[in-house]
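Chemist: To start, I am sharing the structure in question, which I have written as structure tokens.
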Amino acid sequence: MANITVTVDGVTYTDDVEPRLLLVHYLRERVGKTGTPVGCDTSNCGACTVHMNGVSVKSCSVLAVQADGAEITTIEGISNGQWHPLQQAFHAEHALQCGYCTPGMIMAAADLLRTNPQPSDQEIREGLEGNLCRCTGYENIVRAVRRAAESGATS
Amino acid sequence: MTADTQASQAEVGQARPRKEDARLVTGQTNWTDNIVLPGMLHMAFVRSPMAHARITSVDLSAARAMPGVVAVFSGADFAEEQGSLPCAWPVTEDIVIPAHPPMATDEVRYVGEAVAVVIARDRYTASDAMTAVDVSYEPLPPVLDMRTALDEDSPKVHAEGNKSFVWPFVQGDMDAAFRDAPVVIERTYRQQRLIPSAMEPRAVVATCVGGEFTIWSATQIPHVLRVMLALVTGIPEQNIRVIAPDVGGGFGSKLQVTAEEVISMLVTRKLGRPVKWTESRSEGNLTVHHGRDQWQRIRIAADSDGRLRGLDVDLLADMGAYLMLVTPGIPLLGAFMYPAIYKMDAYSFTCTGVFTTKMPTDAYRGAGRPEATYAIERIMDELAAELGMDPLEVRERNWIKHEEFPYTTIATLQYDSGNYEAATARAKELFGYDALRQEQTERNLDNDPVRLGLGVSTYTEMCGLAPSRVLGSLAYGAGGWEHASIRMLPTGKVEVVTGSSAHGQGHETAWSQIVSDQLGVPFEDIRVLHGDTQVSPKGMDTYGSRSLAVGGMALVGACDKVIAKAKRITAHMLEASENDIEFSGGRLQVRGDPEKGHTIQEVALATFAAHNLPDGVEPSLDSDATYDPDNFSFPHGTHLCAAEVDTETGMVTIRSYVAVDDIGKVINPLIVEGQVHGGIAQGIAQALYEEAVYDDDGNLTTTTLADYLVPSAADLPSYVTDRTESPAANRLGVKGVGEAGTIASTPAVVNAIVDALRPFGINDITMPCTPERVWRAIQNAQGNGGAA
């Protein structure tokens with residue numbers, strides 16, 4: 001067991017964890033952050049994307065021990081009293097159907113807009129290449145990210 | 001009550017952002033894998049690594065001895081109680097339906113088949129213990145190619161042989177249609193095996209308290225599942241509650257009764273503790289039922305002016321190792337769709353269902369109809385090429401004209417409405433068809449290394465599954481009705497209970513829009529409940545684009561009854577004649593005296609209080625209704641695809657894609673457009689990217705999303721969509737939209753690729769049309785044997 005201290009959505013936790021424990025399982029099963037789902041076991045789908053120290057990571061590909069000392073933000077921590085511009089835009093543009101990919105898609109899009117605040121449609125498509133959606137055909141996801149960018153969302 | 005309690009404008013037709021999103025965009029979701037119950041244990045399944053083998057021994061002792069492992073069971077441990085997984089669609093009287101134990105006891109018949117289950121304190125321990133289960137196998141020969149599986153010397157998947165059924169269907173005089181026909185074209189098309197790939201992996205939580213079971217499952221079919229779990233396990237139906245919480249996509253893959261669901265019930269009963277199972281993606285690729293997997297031999301006879309005379313389809317359909325819930329019926333849904341929108345004199349269809357040592361196939365978005373549409377739309381292009389006609393011209397020569405509806409097709413379906421001319425004209429205009437043809441001609445003349453191809457798909461589909469009588473005549477095991485309840489609450493709010501079970505479709509929003517208009521109650525005041533057999537006791541669930549065309553009509557029926565009851569009570573309250581009460585905009589009033597009346601909310605409160613009800617009228621303003629359609633609905637449309645094909649690399653790039661769909665009236669354009677986009681994407685994925693591949697030993701080699709190429713945003717184009725509208729037979733005027741895009745887009749894309757390559761003498765590319773396959777086809781056509 002390793003002892004880690006992690007800040008998740010603004011709250012600090014100290015836990016003993018197995019060294020092999022994946023960050024996503026730590027978040028879901030130890031911290032109770034079930035808003036971040038698991039969609040695959042090979043880091044292809046991106047459903048589990050969260051921010052670690054402000055940068056997007058696939059939390060299935062990070063060990064909990066690697067997050068020791070880190071600040072993690074999940075989909076449950078990005079709204080600040082009101083929905084994040086990306087949450088608003090995904091809703092307004094119907095950029096989700098079943099919603100399973102949505103937390104990861106929004107967290108990845110937030111990181112995209114941090115590094116490229118005004119991406120072209122093609123840059124949005126390539127920027128979200130690591131996040132799979134089976135429902136929307138991506139058209140409305142591209143529209144939503146563009147809408148959020150136009151509203152000035154940069155993180 | 002004031003006027004603002006009434007809906008101010010028509011809800012139907014508005015692009016309402018969805019109610020569902022509030023929990024989905026914030027992570028406040030209730031996926032099955034999120035559920036934690038006190039004392040809950042985790043299950044992991046030990047699965048066969050062999051495609052076909054006899055189980056010679058199973059040693060569970062080492063796994064049982066591991067710390068944190070609560071129990072380990074083999075198939076033999078449950079042999080007496082696990083029953084056989086059901087097939088509810090015995091398509092012929094002599095169909096072979098082999099026993100399908102949830103966990104194998106003697107023999108395994110595909111890689112991934114469950115042989116033992118480990119139950120442990122947590123998922124990591126369960127996973128560790130799986131590796132300690134020692135199963136010995138005596139290998140048997142796999143059966144991997146359905147084309148040779150029926151040979152006499154083929155190894156057998158089951159003792160009964162490899163043929164499950166032969167289903168023939170003939171209409172008209174085939175000999176006359178083909179005899180002396182000026183044009184006869186025959187092709188064989190391959191429908192590759194697909195993995196549905198809903199983003200949420202399957203998951204089950206089961207608990208048994210005092211003999212009463214609750215099963216949470218990532219399922220499309222809580223109601224059907226409840227019945228089937230009772231039949232399989234012998235546990236009385238009234239003691240089973242099935243809940244489909246938030247479900248992350250299905251596309252047919254969660255229209256199933258699975259081994260894991262059955263075993264979870266047996267384990268929780270045995271151990272007296274709740275259990276959870278969540279599959280990994282790799283496990284899911286192996287064991288979520290697959291889709292498609294057919295060889296289609298198709299032959300048409302035509303006159304020299306392009307008029308179709310006859311159509312002959314001979315289908316081989318890979319069932320996989322067992323027949324699951326509706327496995328054998330899937331290709332037969334296509335039987336009625338091969339003639340598509342075309343008139344002809346004769347039609348023959350035969351489907352042979354074949355067993356192989358692979359994962360069973362079953363419903364995947366479109367279910368039989370995409371396969372049929374692909375084959376007919378591909379060969380219509382071949383006919384056009386043979387006769388030197390434009391692909392749209394040859395279609396128009398054969399399609400049912402808009403003034404000919406209702407029209408009974410050669411496949412005996414009665415199409416109630418359609419306007420193929422209107423959809424095609426609109427699609428051509430949006431696409432810039434003539435200009436693109438001109439550009440194509442010029443680039444061909446210039447020997448442009450990047451060729452342009454235009455692909456056409458003028459599809460139709462049968463959806464709104466389905467009239468119960470029709471299903472009965474096809475030997476389907478259940479009806480096709482749907483149920484709804486409307487409950488006006490004392491405070492004037494409304495609860496809508498629906499038997500359809502959404503998993504991304506947006507029923508909570510669309511159903512609220514329908515009920516808002518019917519009852520004149522604000523959209524925000526309506527809550528839609530679904531997906532729990534205790535909350536919604538009657539239903540036939542969600543598949544086959546049936547929810548709106550069938551379930552939506554059940555809502556209307558229930559609203560009608562609520563309004564009728566409200567009228568009676570209002571008449572009594574106002575001491576007026578019931579016949580003089582009119583209902584409009586949420587208000588019941590005396591005809592000719594609009595000052596005299598009540599809002600429906602006021603009537604709801606009065607009915608709840610029950611102080612002054614007419615004799616024989618029960619308290620509470622609520623009602624329920626069941627709707628069974630008279631006919632299928634027949635959405636249609638024209639999809640056009642422009643593809644750039646790089647002849648030097650084989651790379652295909654979709655340059656533009658236009659979809660014009662006639663799905664009848666639209667409840668919510670935002671939701672409809674989303675369904676079309678997603679459907680098109682899945683159809684393109686079949687055309688260009690996806691294929692489940694088994695190696696020569698029967699191992700699935702596409703077990704991950706790195707190997708099975710579900711496309712990303714970067715792999716797909718933008719889509720231009722529009723709609724035309726012809727009337728539908730039901731009162732809402734709706735037809736269904738869940739599968740249209742998938743049905744239409746695959747042939748549109750492949751037709752575009754073949755159209756680009758026709759100058760090279762190429763008339764087919766096997767799907768998925770990967771750069772390698774396209775490049776090799778070009779090399780072969782140029783006599784390079786693909787070795788250049």
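In the structure tokens, the first chain shown is A, the next is B, and so on; residue numbers restart at 1 for each chain, and ligands run from 1 in the order shown.
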Just list as a PyMOL selection string whatever in region 511-649 of chain B DSSP marks as alpha helix (DSSP H).
Modeler: chain B and resi 511-519+553-574+600-609
Chemist: With C-alpha atoms kept, could you save the residues just selected as a JSON list (two decimals), in the first residue's frame?
Modeler:
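Below is the file again.json, written as the result:
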```
[["chain", "number", "residue", "atom", "x", "y", "z"],
["B", 511, "TRP", "CA", -42.57, 12.59, -24.59],
["B", 512, "SER", "CA", -42.94, 15.80, -22.55],
["B", 513, "GLN", "CA", -43.42, 17.75, -25.77],
["B", 514, "ILE", "CA", -46.14, 15.39, -26.97],
["B", 515, "VAL", "CA", -47.99, 15.35, -23.66],
["B", 516, "SER", "CA", -47.65, 19.13, -23.31],
["B", 517, "ASP", "CA", -49.53, 19.61, -26.55],
["B", 518, "GLN", "CA", -52.10, 16.93, -25.84],
["B", 519, "LEU", "CA", -52.97, 18.15, -22.33],
["B", 553, "MET", "CA", -49.18, 6.78, -29.94],
["B", 554, "ALA", "CA", -49.77, 5.06, -26.60],
["B", 555, "LEU", "CA", -49.17, 8.44, -24.97],
["B", 556, "VAL", "CA", -51.79, 10.01, -27.20],
["B", 557, "GLY", "CA", -54.26, 7.27, -26.31],
["B", 558, "ALA", "CA", -53.70, 7.78, -22.59],
["B", 559, "CYS", "CA", -54.06, 11.56, -22.96],
["B", 560, "ASP", "CA", -57.33, 11.05, -24.81],
["B", 561, "LYS", "CA", -58.70, 9.08, -21.88],
["B", 562, "VAL", "CA", -57.53, 11.67, -19.35],
["B", 563, "ILE", "CA", -59.23, 14.41, -21.35],
["B", 564, "ALA", "CA", -62.43, 12.37, -21.64],
["B", 565, "LYS", "CA", -62.50, 11.87, -17.88],
["B", 566, "ALA", "CA", -61.73, 15.55, -17.27],
["B", 567, "LYS", "CA", -64.62, 16.53, -19.53],
["B", 568, "ARG", "CA", -67.02, 14.37, -17.62],
["B", 569, "ILE", "CA", -65.91, 15.80, -14.29],
["B", 570, "THR", "CA", -65.92, 19.37, -15.60],
["B", 571, "ALA", "CA", -69.46, 18.94, -16.89],
["B", 572, "HIS", "CA", -70.50, 17.73, -13.47],
["B", 573, "MET", "CA", -68.72, 20.62, -11.71],
["B", 574, "LEU", "CA", -70.34, 23.19, -14.00],
["B", 600, "ILE", "CA", -57.11, 20.81, -16.50],
["B", 601, "GLN", "CA", -54.99, 21.39, -13.38],
["B", 602, "GLU", "CA", -58.07, 22.58, -11.49],
["B", 603, "VAL", "CA", -59.92, 19.52, -12.61],
["B", 604, "ALA", "CA", -56.99, 17.35, -11.48],
["B", 605, "LEU", "CA", -57.15, 18.83, -7.98],
["B", 606, "ALA", "CA", -60.91, 18.45, -7.84],
["B", 607, "THR", "CA", -60.61, 14.84, -8.99],
["B", 608, "PHE", "CA", -58.00, 14.18, -6.33],
["B", 609, "ALA", "CA", -60.15, 15.77, -3.61]]
```
Chemist: Write out, as JSON lines, each residue of chain A that has an atom at most 7 Å from chain B, together with the closest pair of atoms and their distance in Å to one decimal, counting only C-alpha atoms, rows going by chain and rising number.
Modeler:
```
{"residue": "A:Thr34", "atom": "CA", "partner": "B:Asn34", "partner_atom": "CA", "distance": 5.9}
{"residue": "A:Gly35", "atom": "CA", "partner": "B:Gly27", "partner_atom": "CA", "distance": 3.7}
{"residue": "A:Thr36", "atom": "CA", "partner": "B:Gly27", "partner_atom": "CA", "distance": 6.7}
{"residue": "A:Gly39", "atom": "CA", "partner": "B:Met199", "partner_atom": "CA", "distance": 5.8}
{"residue": "A:Cys40", "atom": "CA", "partner": "B:Arg281", "partner_atom": "CA", "distance": 4.7}
{"residue": "A:Asp41", "atom": "CA", "partner": "B:Arg281", "partner_atom": "CA", "distance": 6.0}
{"residue": "A:Thr42", "atom": "CA", "partner": "B:Thr704", "partner_atom": "CA", "distance": 6.8}
{"residue": "A:Asn44", "atom": "CA", "partner": "B:Leu705", "partner_atom": "CA", "distance": 5.9}
{"residue": "A:Ile75", "atom": "CA", "partner": "B:Gly27", "partner_atom": "CA", "distance": 5.9}
{"residue": "A:Glu76", "atom": "CA", "partner": "B:Gly27", "partner_atom": "CA", "distance": 5.6}
{"residue": "A:Gln87", "atom": "CA", "partner": "B:Val25", "partner_atom": "CA", "distance": 5.7}
{"residue": "A:His91", "atom": "CA", "partner": "B:Asp21", "partner_atom": "CA", "distance": 6.1}
{"residue": "A:Ala92", "atom": "CA", "partner": "B:Pro17", "partner_atom": "CA", "distance": 5.7}
{"residue": "A:His94", "atom": "CA", "partner": "B:Pro17", "partner_atom": "CA", "distance": 6.4}
{"residue": "A:Gln97", "atom": "CA", "partner": "B:Gly504", "partner_atom": "CA", "distance": 4.4}
{"residue": "A:Cys98", "atom": "CA", "partner": "B:Gly504", "partner_atom": "CA", "distance": 3.5}
{"residue": "A:Gly99", "atom": "CA", "partner": "B:Leu24", "partner_atom": "CA", "distance": 5.4}
{"residue": "A:Tyr100", "atom": "CA", "partner": "B:Gly248", "partner_atom": "CA", "distance": 5.2}
{"residue": "A:Cys101", "atom": "CA", "partner": "B:Met199", "partner_atom": "CA", "distance": 6.8}
{"residue": "A:Thr102", "atom": "CA", "partner": "B:Val25", "partner_atom": "CA", "distance": 6.3}
{"residue": "A:Pro103", "atom": "CA", "partner": "B:Gly27", "partner_atom": "CA", "distance": 6.5}
{"residue": "A:Arg125", "atom": "CA", "partner": "B:Ala714", "partner_atom": "CA", "distance": 4.7}
{"residue": "A:Glu126", "atom": "CA", "partner": "B:Ala714", "partner_atom": "CA", "distance": 5.1}
{"residue": "A:Leu128", "atom": "CA", "partner": "B:Ala713", "partner_atom": "CA", "distance": 6.7}
{"residue": "A:Glu129", "atom": "CA", "partner": "B:Ser712", "partner_atom": "CA", "distance": 5.4}
{"residue": "A:Asn131", "atom": "CA", "partner": "B:Ser712", "partner_atom": "CA", "distance": 6.9}
{"residue": "A:Leu132", "atom": "CA", "partner": "B:Ser712", "partner_atom": "CA", "distance": 5.5}
{"residue": "A:Cys133", "atom": "CA", "partner": "B:Met199", "partner_atom": "CA", "distance": 6.9}
{"residue": "A:Arg134", "atom": "CA", "partner": "B:Ala198", "partner_atom": "CA", "distance": 6.2}
{"residue": "A:Cys135", "atom": "CA", "partner": "B:Gly678", "partner_atom": "CA", "distance": 4.9}
{"residue": "A:Thr136", "atom": "CA", "partner": "B:Gly678", "partner_atom": "CA", "distance": 4.3}
{"residue": "A:Gly137", "atom": "CA", "partner": "B:Gly678", "partner_atom": "CA", "distance": 4.1}
{"residue": "A:Tyr138", "atom": "CA", "partner": "B:Ala713", "partner_atom": "CA", "distance": 5.5}
{"residue": "A:Glu139", "atom": "CA", "partner": "B:Ser718", "partner_atom": "CA", "distance": 6.0}
```
Chemist: Those selected residues, please, written with N, CA and C atoms and delivered as an mmCIF file, in the first residue's frame.
Modeler:
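File out-v4.cif, as written:
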```
data_model
loop_
_atom_site.group_PDB
_atom_site.id
_atom_site.type_symbol
_atom_site.label_atom_id
_atom_site.label_comp_id
_atom_site.auth_asym_id
_atom_site.auth_seq_id
_atom_site.Cartn_x
_atom_site.Cartn_y
_atom_site.Cartn_z
ATOM 1 N N THR A 34 -18.374 9.286 -9.371
ATOM 2 C CA THR A 34 -18.844 8.380 -10.417
ATOM 3 C C THR A 34 -19.245 9.121 -11.693
ATOM 4 N N GLY A 35 -19.115 10.426 -11.679
ATOM 5 C CA GLY A 35 -19.389 11.174 -12.914
ATOM 6 C C GLY A 35 -18.403 10.856 -14.020
ATOM 7 N N THR A 36 -17.247 10.340 -13.658
ATOM 8 C CA THR A 36 -16.224 9.967 -14.638
ATOM 9 C C THR A 36 -16.344 8.474 -14.930
ATOM 10 N N GLY A 39 -14.839 3.581 -20.272
ATOM 11 C CA GLY A 39 -15.405 3.078 -21.521
ATOM 12 C C GLY A 39 -14.567 2.010 -22.190
ATOM 13 N N CYS A 40 -13.306 1.889 -21.798
ATOM 14 C CA CYS A 40 -12.476 0.855 -22.415
ATOM 15 C C CYS A 40 -11.333 0.511 -21.473
ATOM 16 N N ASP A 41 -10.456 -0.367 -21.911
ATOM 17 C CA ASP A 41 -9.326 -0.758 -21.070
ATOM 18 C C ASP A 41 -8.011 -0.598 -21.822
ATOM 19 N N THR A 42 -8.038 0.224 -22.879
ATOM 20 C CA THR A 42 -6.818 0.409 -23.667
ATOM 21 C C THR A 42 -6.546 1.884 -23.938
ATOM 22 N N ASN A 44 -8.257 4.080 -25.395
ATOM 23 C CA ASN A 44 -8.677 4.560 -26.710
ATOM 24 C C ASN A 44 -9.878 5.498 -26.657
ATOM 25 N N ILE A 75 -15.508 16.110 -14.199
ATOM 26 C CA ILE A 75 -16.719 16.750 -14.732
ATOM 27 C C ILE A 75 -17.579 17.330 -13.596
ATOM 28 N N GLU A 76 -17.458 16.714 -12.417
ATOM 29 C CA GLU A 76 -18.278 17.170 -11.289
ATOM 30 C C GLU A 76 -17.719 18.440 -10.654
ATOM 31 N N GLN A 87 -20.477 22.817 -20.822
ATOM 32 C CA GLN A 87 -21.691 22.082 -20.430
ATOM 33 C C GLN A 87 -22.914 22.741 -21.058
ATOM 34 N N HIS A 91 -25.313 21.059 -24.095
ATOM 35 C CA HIS A 91 -26.765 20.992 -23.929
ATOM 36 C C HIS A 91 -27.462 21.723 -25.088
ATOM 37 N N ALA A 92 -27.028 22.916 -25.361
ATOM 38 C CA ALA A 92 -27.720 23.740 -26.361
ATOM 39 C C ALA A 92 -27.624 23.143 -27.763
ATOM 40 N N HIS A 94 -27.183 19.943 -28.518
ATOM 41 C CA HIS A 94 -27.526 18.520 -28.520
ATOM 42 C C HIS A 94 -26.296 17.686 -28.888
ATOM 43 N N GLN A 97 -26.081 12.189 -26.631
ATOM 44 C CA GLN A 97 -27.309 11.397 -26.656
ATOM 45 C C GLN A 97 -27.342 10.513 -25.423
ATOM 46 N N CYS A 98 -26.597 9.403 -25.436
ATOM 47 C CA CYS A 98 -26.597 8.583 -24.218
ATOM 48 C C CYS A 98 -25.815 9.262 -23.106
ATOM 49 N N GLY A 99 -24.844 10.098 -23.464
ATOM 50 C CA GLY A 99 -24.124 10.880 -22.473
ATOM 51 C C GLY A 99 -22.940 10.184 -21.833
ATOM 52 N N TYR A 100 -22.645 8.962 -22.265
ATOM 53 C CA TYR A 100 -21.568 8.226 -21.590
ATOM 54 C C TYR A 100 -20.197 8.818 -21.887
ATOM 55 N N CYS A 101 -20.013 9.295 -23.110
ATOM 56 C CA CYS A 101 -18.720 9.886 -23.481
ATOM 57 C C CYS A 101 -18.610 11.328 -23.026
ATOM 58 N N THR A 102 -19.729 11.922 -22.628
ATOM 59 C CA THR A 102 -19.805 13.373 -22.443
ATOM 60 C C THR A 102 -18.827 13.932 -21.402
ATOM 61 N N PRO A 103 -18.702 13.324 -20.220
ATOM 62 C CA PRO A 103 -17.746 13.888 -19.252
ATOM 63 C C PRO A 103 -16.332 13.965 -19.831
ATOM 64 N N ARG A 125 -11.921 18.654 -34.467
ATOM 65 C CA ARG A 125 -12.000 17.218 -34.760
ATOM 66 C C ARG A 125 -10.703 16.515 -34.398
ATOM 67 N N GLU A 126 -9.583 17.116 -34.761
ATOM 68 C CA GLU A 126 -8.305 16.471 -34.455
ATOM 69 C C GLU A 126 -7.981 16.562 -32.968
ATOM 70 N N LEU A 128 -10.042 16.340 -30.574
ATOM 71 C CA LEU A 128 -10.863 15.395 -29.805
ATOM 72 C C LEU A 128 -10.720 13.965 -30.335
ATOM 73 N N GLU A 129 -9.673 13.740 -31.101
ATOM 74 C CA GLU A 129 -9.490 12.437 -31.742
ATOM 75 C C GLU A 129 -9.403 11.303 -30.723
ATOM 76 N N ASN A 131 -11.138 10.879 -28.114
ATOM 77 C CA ASN A 131 -12.398 10.662 -27.386
ATOM 78 C C ASN A 131 -13.444 10.137 -28.352
ATOM 79 N N LEU A 132 -13.960 8.965 -28.065
ATOM 80 C CA LEU A 132 -14.925 8.332 -28.974
ATOM 81 C C LEU A 132 -16.349 8.546 -28.494
ATOM 82 N N CYS A 133 -17.225 8.797 -29.469
ATOM 83 C CA CYS A 133 -18.659 8.894 -29.216
ATOM 84 C C CYS A 133 -19.333 7.982 -30.228
ATOM 85 N N ARG A 134 -20.295 7.194 -29.775
ATOM 86 C CA ARG A 134 -20.969 6.283 -30.704
ATOM 87 C C ARG A 134 -22.324 6.824 -31.140
ATOM 88 N N CYS A 135 -22.821 7.863 -30.461
ATOM 89 C CA CYS A 135 -24.190 8.311 -30.723
ATOM 90 C C CYS A 135 -24.299 9.458 -31.710
ATOM 91 N N THR A 136 -23.442 10.455 -31.581
ATOM 92 C CA THR A 136 -23.739 11.747 -32.220
ATOM 93 C C THR A 136 -23.174 11.903 -33.610
ATOM 94 N N GLY A 137 -22.235 11.038 -34.013
ATOM 95 C CA GLY A 137 -21.553 11.273 -35.284
ATOM 96 C C GLY A 137 -20.679 12.516 -35.238
ATOM 97 N N TYR A 138 -20.518 13.092 -34.061
ATOM 98 C CA TYR A 138 -19.594 14.200 -33.749
ATOM 99 C C TYR A 138 -20.015 15.563 -34.284
ATOM 100 N N GLU A 139 -20.957 15.613 -35.197
ATOM 101 C CA GLU A 139 -21.326 16.898 -35.811
ATOM 102 C C GLU A 139 -21.670 17.931 -34.729
#
```
Chemist: Pick from B:Thr373, B:Thr638, B:Ser620, B:Ser304: nearest to Ala422 (chain B), with only C-alpha atoms counted?
Modeler: B:Thr638
Chemist: Pick from B:Gly597, B:Pro635, B:Gly499, B:Gly586: nearest to Asp416 (chain B), with only C-alpha atoms counted?
Modeler: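 Closest residue, counting only C-alpha atoms: B:Pro635.
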Chemist: Within chain A, find each residue whose DSSP state, derived from the backbone, is strand (DSSP E), and express the selection as JSON, numbers by chain.
Modeler: {"A": [2, 3, 4, 5, 6, 7, 8, 11, 12, 13, 14, 15, 16, 17, 49, 50, 51, 52, 55, 56, 57, 58, 71, 72, 73]}
Chemist: Which residues come within 10 Å of Ala340 (chain B), counting only C-alpha atoms, excluding same-chain residues fewer than 5 positions away, as a VMD selection string?
Modeler: chain B and resid 334 369 372 to 373 376 to 377 399 to 400 409 to 411 458 to 462 636
Chemist: How would the residues just chosen look if you wrote them out with N, CA and C atoms as a tab-separated table (two decimals), in the first residue's frame?
Modeler:
```tsv
chain	number	residue	atom	x	y	z
B	334	GLY	N	-34.67	-8.23	-43.08
B	334	GLY	CA	-34.21	-7.74	-44.38
B	334	GLY	C	-35.00	-8.33	-45.53
B	369	ARG	N	-32.14	-4.69	-42.12
B	369	ARG	CA	-32.51	-3.70	-43.14
B	369	ARG	C	-31.30	-3.00	-43.76
B	372	ALA	N	-29.99	-5.47	-46.38
B	372	ALA	CA	-30.83	-5.53	-47.57
B	372	ALA	C	-30.66	-4.26	-48.41
B	373	THR	N	-30.68	-3.13	-47.74
B	373	THR	CA	-30.57	-1.86	-48.45
B	373	THR	C	-29.23	-1.76	-49.16
B	376	ILE	N	-29.35	-4.05	-52.42
B	376	ILE	CA	-30.19	-3.57	-53.53
B	376	ILE	C	-29.65	-2.24	-54.06
B	377	GLU	N	-29.18	-1.38	-53.16
B	377	GLU	CA	-28.68	-0.08	-53.64
B	377	GLU	C	-27.34	-0.25	-54.37
B	399	TRP	N	-38.83	3.33	-59.11
B	399	TRP	CA	-39.44	3.55	-57.80
B	399	TRP	C	-40.93	3.81	-57.89
B	400	ILE	N	-41.58	3.62	-56.76
B	400	ILE	CA	-43.02	3.85	-56.65
B	400	ILE	C	-43.24	5.35	-56.71
B	409	THR	N	-46.01	-3.72	-51.93
B	409	THR	CA	-44.77	-4.11	-52.63
B	409	THR	C	-44.79	-5.59	-52.95
B	410	ILE	N	-43.83	-5.97	-53.78
B	410	ILE	CA	-43.72	-7.38	-54.14
B	410	ILE	C	-43.41	-8.23	-52.90
B	411	ALA	N	-42.85	-7.59	-51.85
B	411	ALA	CA	-42.58	-8.31	-50.60
B	411	ALA	C	-43.78	-8.28	-49.66
B	458	THR	N	-31.12	5.59	-52.23
B	458	THR	CA	-32.52	6.00	-52.06
B	458	THR	C	-33.20	4.89	-51.27
B	459	TYR	N	-33.04	5.00	-49.96
B	459	TYR	CA	-33.43	3.90	-49.07
B	459	TYR	C	-34.87	4.06	-48.60
B	460	THR	N	-35.45	2.97	-48.15
B	460	THR	CA	-36.61	3.04	-47.26
B	460	THR	C	-36.38	2.02	-46.17
B	461	GLU	N	-37.20	2.02	-45.14
B	461	GLU	CA	-37.08	1.01	-44.11
B	461	GLU	C	-38.46	0.75	-43.54
B	462	MET	N	-38.59	-0.37	-42.90
B	462	MET	CA	-39.83	-0.64	-42.17
B	462	MET	C	-39.47	-0.46	-40.70
B	636	HIS	N	-38.24	7.09	-45.41
B	636	HIS	CA	-37.39	6.91	-46.58
B	636	HIS	C	-36.57	8.16	-46.76
```
